[in-house]
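*Asks:* Sharing final01.cif (mmCIF, C-alpha atoms) below.
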data_upload
loop_
_atom_site.label_atom_id
_atom_site.label_comp_id
_atom_site.auth_asym_id
_atom_site.auth_seq_id
_atom_site.Cartn_x
_atom_site.Cartn_y
_atom_site.Cartn_z
CA MET A 1 6.48 69.10 30.19
CA SER A 2 5.69 66.49 32.70
CA ILE A 3 2.82 64.05 32.63
CA THR A 4 1.50 62.56 35.76
CA LEU A 5 -0.38 59.35 35.45
CA THR A 6 -2.25 57.68 38.17
CA SER A 7 -3.15 54.04 38.28
CA SER A 8 -6.86 54.82 38.36
CA SER A 9 -6.67 56.83 35.16
CA LEU A 10 -4.97 54.03 33.21
CA LEU A 11 -7.27 51.27 34.33
CA GLN A 12 -10.93 51.70 34.56
CA ILE A 13 -12.07 48.83 36.78
CA PRO A 14 -15.81 48.30 37.01
CA PRO A 15 -17.31 47.72 40.39
CA VAL A 16 -17.43 44.14 41.70
CA GLN A 17 -21.25 44.08 41.75
CA SER A 18 -21.42 44.50 37.95
CA LEU A 19 -19.05 41.56 37.40
CA LYS A 20 -21.30 39.22 39.36
CA LYS A 21 -24.24 40.10 37.14
CA LEU A 22 -22.45 38.94 33.99
CA SER A 23 -23.21 35.39 32.98
CA ILE A 24 -22.17 33.37 29.97
CA SER A 25 -25.06 31.77 28.20
CA SER A 26 -24.10 29.23 25.59
CA SER A 27 -25.67 25.99 24.44
CA PHE A 28 -22.23 24.35 24.38
CA LEU A 29 -21.65 24.60 28.13
CA HIS A 30 -21.89 21.47 30.26
CA GLY A 31 -22.65 19.19 27.30
CA SER A 32 -26.14 20.53 26.71
CA THR A 33 -25.73 20.37 22.93
CA PRO A 34 -26.07 16.90 21.37
CA LEU A 35 -22.96 15.57 19.67
CA SER A 36 -24.74 15.24 16.33
CA PHE A 37 -24.60 19.02 15.92
CA LEU A 38 -20.88 19.08 16.67
CA SER A 39 -19.90 16.45 14.08
CA LYS A 40 -18.81 17.29 10.56
CA PRO A 41 -21.64 18.23 8.24
CA SER A 42 -22.62 15.56 5.77
CA SER A 43 -23.93 16.50 2.39
CA SER A 44 -25.55 14.19 -0.12
CA SER A 45 -23.65 15.87 -2.98
CA SER A 46 -20.29 14.68 -1.65
CA PRO A 47 -18.14 13.15 -4.42
CA PHE A 48 -16.83 10.42 -2.09
CA PRO A 49 -19.25 7.93 -0.55
CA SER A 50 -19.13 7.52 3.19
CA GLN A 51 -18.63 3.76 2.95
CA THR A 52 -16.35 1.95 0.56
CA PRO A 53 -18.10 -0.37 -1.89
CA ASN A 54 -17.83 -4.08 -1.19
CA PHE A 55 -16.90 -5.08 -4.74
CA LEU A 56 -13.53 -3.27 -4.69
CA PRO A 57 -10.53 -5.28 -3.46
CA SER A 58 -8.80 -4.09 -0.35
CA ILE A 59 -5.54 -2.21 -0.84
CA ARG A 60 -2.63 -4.29 0.37
CA ALA A 61 0.85 -2.83 0.46
CA MET A 62 3.90 -5.04 -0.02
CA ARG A 63 1.93 -8.27 0.36
CA SER A 64 3.32 -10.13 -2.62
CA LEU A 65 6.75 -10.54 -4.19
CA GLN A 66 7.99 -12.43 -7.25
CA GLY A 67 11.16 -14.44 -7.45
CA ARG A 68 12.94 -17.58 -8.60
CA VAL A 69 13.18 -20.81 -6.60
CA VAL A 70 16.82 -21.47 -5.68
CA CYS A 71 16.43 -24.40 -3.28
CA ALA A 72 13.69 -27.02 -3.06
CA THR A 73 15.33 -29.77 -0.99
CA ASN A 74 13.36 -29.18 2.22
CA ASP A 75 9.94 -30.74 2.71
CA LYS A 76 7.06 -28.28 2.09
CA THR A 77 9.52 -25.37 1.94
CA VAL A 78 11.20 -23.57 -0.94
CA ALA A 79 13.86 -20.87 -0.83
CA VAL A 80 12.97 -18.03 -3.21
CA GLU A 81 15.41 -15.34 -4.30
CA VAL A 82 13.80 -11.96 -4.94
CA VAL A 83 15.79 -9.43 -6.97
CA ARG A 84 15.01 -5.71 -6.84
CA LEU A 85 16.71 -2.56 -8.07
CA ALA A 86 17.69 0.13 -5.59
CA PRO A 87 20.03 3.14 -5.73
CA HIS A 88 23.48 2.70 -4.27
CA PRO A 89 23.80 4.76 -1.07
CA LYS A 90 26.98 6.52 -2.15
CA TYR A 91 27.16 6.37 -5.95
CA LYS A 92 23.39 6.65 -6.64
CA ARG A 93 23.59 4.09 -9.41
CA ARG A 94 20.89 1.44 -9.49
CA ILE A 95 22.15 -1.91 -8.29
CA ARG A 96 20.53 -5.32 -7.93
CA ILE A 97 19.72 -6.33 -4.39
CA LYS A 98 18.99 -10.01 -3.81
CA LYS A 99 17.19 -11.39 -0.80
CA LYS A 100 16.16 -14.95 -0.05
CA TYR A 101 12.82 -15.79 1.54
CA GLN A 102 11.56 -19.12 2.84
CA ALA A 103 8.09 -19.91 1.47
CA HIS A 104 5.55 -22.61 2.21
CA ASP A 105 5.03 -25.15 -0.59
CA PRO A 106 2.48 -27.67 0.78
CA ASP A 107 2.47 -29.97 -2.30
CA ASN A 108 6.20 -29.82 -3.06
CA GLN A 109 5.29 -28.75 -6.60
CA PHE A 110 8.09 -26.26 -7.28
CA GLN A 111 11.54 -27.13 -8.63
CA VAL A 112 14.72 -25.05 -8.81
CA GLY A 113 14.36 -22.34 -11.46
CA ASP A 114 10.55 -21.94 -11.28
CA PHE A 115 9.09 -18.45 -11.00
CA VAL A 116 6.77 -18.08 -8.04
CA GLU A 117 4.81 -15.34 -6.37
CA LEU A 118 5.18 -14.97 -2.64
CA GLU A 119 2.01 -13.99 -0.83
CA LYS A 120 2.12 -12.83 2.77
CA CYS A 121 0.29 -15.11 5.20
CA ARG A 122 0.25 -16.01 8.86
CA PRO A 123 3.56 -17.18 10.33
CA ILE A 124 3.92 -20.90 9.56
CA SER A 125 7.27 -21.25 11.32
CA LYS A 126 10.05 -19.00 12.56
CA MET A 127 11.28 -18.15 9.05
CA LYS A 128 8.23 -18.88 6.86
CA THR A 129 5.62 -16.13 6.53
CA PHE A 130 5.04 -16.43 2.76
CA LEU A 131 3.04 -18.86 0.65
CA ALA A 132 4.42 -19.84 -2.77
CA ILE A 133 1.96 -19.47 -5.67
CA PRO A 134 2.77 -20.45 -9.28
CA VAL A 135 3.23 -17.67 -11.83
CA PRO A 136 2.64 -18.29 -15.56
CA ALA A 137 5.72 -18.18 -17.76
CA ARG A 138 6.83 -14.75 -18.91
CA ASN A 139 7.67 -15.86 -22.46
CA SER A 140 4.92 -14.10 -24.42
CA LYS A 141 6.74 -14.47 -27.78
CA LYS A 142 6.36 -18.24 -27.76
CA LYS A 143 2.63 -17.94 -27.10
CA ALA A 144 2.14 -15.55 -30.04
CA VAL A 145 3.98 -17.84 -32.46
CA GLU A 146 2.22 -20.99 -31.27
CA GLY A 147 -1.17 -19.41 -30.75
CA GLY A 148 -2.19 -18.04 -34.09
CA GLU A 149 -1.59 -17.56 -37.76
CA GLY A 150 -1.00 -13.81 -37.66
CA GLY A 151 0.56 -11.21 -35.50
CA GLU A 152 -1.01 -9.29 -32.67
CA LEU A 153 -3.91 -7.99 -34.78
CA GLY A 154 -4.89 -11.35 -36.23
CA ILE A 155 -3.92 -10.32 -39.77
CA PRO A 156 -2.03 -13.09 -41.63
CA LEU A 157 1.54 -12.34 -42.60
CA GLU A 158 2.59 -12.09 -46.26
CA SER A 159 4.43 -15.39 -46.08
CA GLN A 160 1.28 -17.07 -44.78
CA GLN A 161 -1.05 -15.72 -47.47
CA GLU A 162 -1.91 -17.92 -50.44
CA GLN A 163 0.18 -17.35 -53.53
CA VAL A 164 -1.93 -16.56 -56.64
#
Could you spell out this file's structure in structure tokens?
*Replies:*
Amino acid sequence: MSITLTSSSLLQIPPVQSLKKLSISSSFLHGSTPLSFLSKPSSSSSPFPSQTPNFLPSIRAMRSLQGRVVCATNDKTVAVEVVRLAPHPKYKRRIRIKKKYQAHDPDNQFQVGDFVELEKCRPISKMKTFLAIPVPARNSKKKAVEGGEGGELGIPLESQQEQV
């Protein structure tokens, strides 16, 4: 059983005159469609507004750090040590990593041992790109004892109630 195939039987090529008559008609050719139709559709029922509200603060990543002043001898400059926890590369245990930053202190108000917040700012010198801002003390227990008669709820303790 032998099959003979000819090239004309496999491919049916239309005559050249019929190919010239074909034309592509589309509104997208040669930029005839305005770009407003090509943009993403906007619906009024979208859960997210197209513009961010002005009253929300801008999101700033890694712009502020907190640390302790370790050196305040230089004029208008303090050295601040920032401690963070990070996993050890080999043992995977969390270790303390300390890094010192130079911060601008225009009034020379900070002493060694003060807690400050470092806020990123424009470069003031080669090493100073942070501004030192005071942070309130973290001792909340002293405030509760000094501040009021009772505990957190404002209820007087038994020892503070009048004996009848």
*Asks:* Could you pull the residues within 7 Å of region 82-85 of chain A, counting all atoms listed in the file, minus those fewer than 4 positions along the same chain, as a list in words?
*Replies:*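 Counting only the stated atoms, we get Gln66, Gly67, Arg68, Arg94, Ile95, Arg96, Ile97, Lys98, Lys99 and Lys100 of chain A.
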*Asks:* Please determine, counting only C-alpha atoms, which residue among A:Phe130, A:Pro136, A:Asp75, A:Ile155 has the shortest atom-to-atom distance to Leu118 (chain A).
*Replies:*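 When distances to Leu118 (chain A) are compared using only C-alpha atoms, the smallest one comes from A:Phe130.
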*Asks:* Please compute the CA of Phe110 (chain A)-CA of Arg122 (chain A) distance, one decimal, in Å.
*Replies:*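 That distance, rounded to one decimal, is 20.7 Å.
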*Asks:* Report, in Å with one decimal, the straight-line distance from CA of Ile133 (chain A) to CA of Ala86 (chain A).
*Replies:* 25.1 Å
*Asks:* Name the closest residue to Leu131 (chain A) among the candidates A:Pro87, A:Leu157, A:Glu162, A:Leu65; distances are taken between atoms, counting all atoms listed in the file.
*Replies:*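 Of all the options, A:Leu65 lies closest to Leu131 (chain A).
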*Asks:* Evaluate the PyMOL selection byres ((chain A and resi 76) around 9) here and jot the selected residues down as number ranges by chain.
*Replies:* A: 72-75, 77-78, 103-109
*Asks:* One decimal, in Å: what's the spacing between CA of Ser64 (chain A) and CA of Val112 (chain A)?
*Replies:*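 If I compute the distance from CA of Ser64 (chain A) to CA of Val112 (chain A), I get 19.8 Å.
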*Asks:* Under the rule that only C-alpha atoms are counted, which of A:Cys121, A:Ala79, A:Val135, A:Val116 is the nearest residue to Gln102 (chain A)?
*Replies:* A:Ala79
*Asks:* Just region 115-131 of chain A, please, as a PDB file, in the first residue's frame (only N, CA, C and O atoms).
*Replies:*
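Contents of the output file result07.pdb:
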ATOM      1  N   PHE A 115      18.149  58.337  76.880  1.00  0.00           N
ATOM      2  CA  PHE A 115      17.542  57.637  75.757  1.00  0.00           C
ATOM      3  C   PHE A 115      17.086  58.671  74.740  1.00  0.00           C
ATOM      4  O   PHE A 115      16.430  59.652  75.092  1.00  0.00           O
ATOM      5  N   VAL A 116      17.451  58.452  73.490  1.00  0.00           N
ATOM      6  CA  VAL A 116      17.080  59.373  72.422  1.00  0.00           C
ATOM      7  C   VAL A 116      16.515  58.592  71.251  1.00  0.00           C
ATOM      8  O   VAL A 116      16.736  57.387  71.107  1.00  0.00           O
ATOM      9  N   GLU A 117      15.776  59.300  70.435  1.00  0.00           N
ATOM     10  CA  GLU A 117      15.276  58.733  69.189  1.00  0.00           C
ATOM     11  C   GLU A 117      16.037  59.391  68.057  1.00  0.00           C
ATOM     12  O   GLU A 117      16.203  60.615  68.039  1.00  0.00           O
ATOM     13  N   LEU A 118      16.525  58.596  67.149  1.00  0.00           N
ATOM     14  CA  LEU A 118      17.265  59.112  66.003  1.00  0.00           C
ATOM     15  C   LEU A 118      16.325  59.187  64.813  1.00  0.00           C
ATOM     16  O   LEU A 118      15.732  58.191  64.414  1.00  0.00           O
ATOM     17  N   GLU A 119      16.201  60.384  64.267  1.00  0.00           N
ATOM     18  CA  GLU A 119      15.331  60.577  63.109  1.00  0.00           C
ATOM     19  C   GLU A 119      16.205  60.911  61.910  1.00  0.00           C
ATOM     20  O   GLU A 119      17.079  61.770  61.988  1.00  0.00           O
ATOM     21  N   LYS A 120      15.931  60.248  60.802  1.00  0.00           N
ATOM     22  CA  LYS A 120      16.721  60.441  59.593  1.00  0.00           C
ATOM     23  C   LYS A 120      16.494  61.851  59.058  1.00  0.00           C
ATOM     24  O   LYS A 120      15.372  62.337  59.033  1.00  0.00           O
ATOM     25  N   CYS A 121      17.576  62.511  58.650  1.00  0.00           N
ATOM     26  CA  CYS A 121      17.463  63.853  58.079  1.00  0.00           C
ATOM     27  C   CYS A 121      18.507  63.993  56.977  1.00  0.00           C
ATOM     28  O   CYS A 121      19.194  63.028  56.627  1.00  0.00           O
ATOM     29  N   ARG A 122      18.631  65.179  56.479  1.00  0.00           N
ATOM     30  CA  ARG A 122      19.614  65.434  55.423  1.00  0.00           C
ATOM     31  C   ARG A 122      21.019  65.247  55.990  1.00  0.00           C
ATOM     32  O   ARG A 122      21.226  65.388  57.200  1.00  0.00           O
ATOM     33  N   PRO A 123      22.003  64.954  55.176  1.00  0.00           N
ATOM     34  CA  PRO A 123      23.365  64.805  55.706  1.00  0.00           C
ATOM     35  C   PRO A 123      23.881  66.138  56.250  1.00  0.00           C
ATOM     36  O   PRO A 123      23.922  67.132  55.552  1.00  0.00           O
ATOM     37  N   ILE A 124      24.253  66.138  57.537  1.00  0.00           N
ATOM     38  CA  ILE A 124      24.780  67.337  58.170  1.00  0.00           C
ATOM     39  C   ILE A 124      26.297  67.367  58.025  1.00  0.00           C
ATOM     40  O   ILE A 124      26.891  68.428  57.847  1.00  0.00           O
ATOM     41  N   SER A 125      26.928  66.218  58.105  1.00  0.00           N
ATOM     42  CA  SER A 125      28.359  66.100  57.851  1.00  0.00           C
ATOM     43  C   SER A 125      28.598  64.720  57.250  1.00  0.00           C
ATOM     44  O   SER A 125      27.654  64.024  56.879  1.00  0.00           O
ATOM     45  N   LYS A 126      29.855  64.317  57.200  1.00  0.00           N
ATOM     46  CA  LYS A 126      30.178  63.037  56.582  1.00  0.00           C
ATOM     47  C   LYS A 126      29.545  61.873  57.337  1.00  0.00           C
ATOM     48  O   LYS A 126      29.063  60.914  56.732  1.00  0.00           O
ATOM     49  N   MET A 127      29.532  61.949  58.666  1.00  0.00           N
ATOM     50  CA  MET A 127      29.031  60.844  59.483  1.00  0.00           C
ATOM     51  C   MET A 127      27.645  61.094  60.074  1.00  0.00           C
ATOM     52  O   MET A 127      27.018  60.165  60.547  1.00  0.00           O
ATOM     53  N   LYS A 128      27.179  62.334  60.093  1.00  0.00           N
ATOM     54  CA  LYS A 128      25.914  62.654  60.763  1.00  0.00           C
ATOM     55  C   LYS A 128      24.782  62.776  59.762  1.00  0.00           C
ATOM     56  O   LYS A 128      24.748  63.703  58.962  1.00  0.00           O
ATOM     57  N   THR A 129      23.841  61.826  59.809  1.00  0.00           N
ATOM     58  CA  THR A 129      22.623  61.907  59.005  1.00  0.00           C
ATOM     59  C   THR A 129      21.388  61.713  59.869  1.00  0.00           C
ATOM     60  O   THR A 129      20.299  61.498  59.341  1.00  0.00           O
ATOM     61  N   PHE A 130      21.548  61.768  61.193  1.00  0.00           N
ATOM     62  CA  PHE A 130      20.435  61.598  62.123  1.00  0.00           C
ATOM     63  C   PHE A 130      20.337  62.821  63.020  1.00  0.00           C
ATOM     64  O   PHE A 130      21.333  63.477  63.320  1.00  0.00           O
ATOM     65  N   LEU A 131      19.130  63.085  63.486  1.00  0.00           N
ATOM     66  CA  LEU A 131      18.852  64.158  64.423  1.00  0.00           C
ATOM     67  C   LEU A 131      18.378  63.521  65.720  1.00  0.00           C
ATOM     68  O   LEU A 131      17.485  62.666  65.706  1.00  0.00           O
TER      69      LEU A 131
END
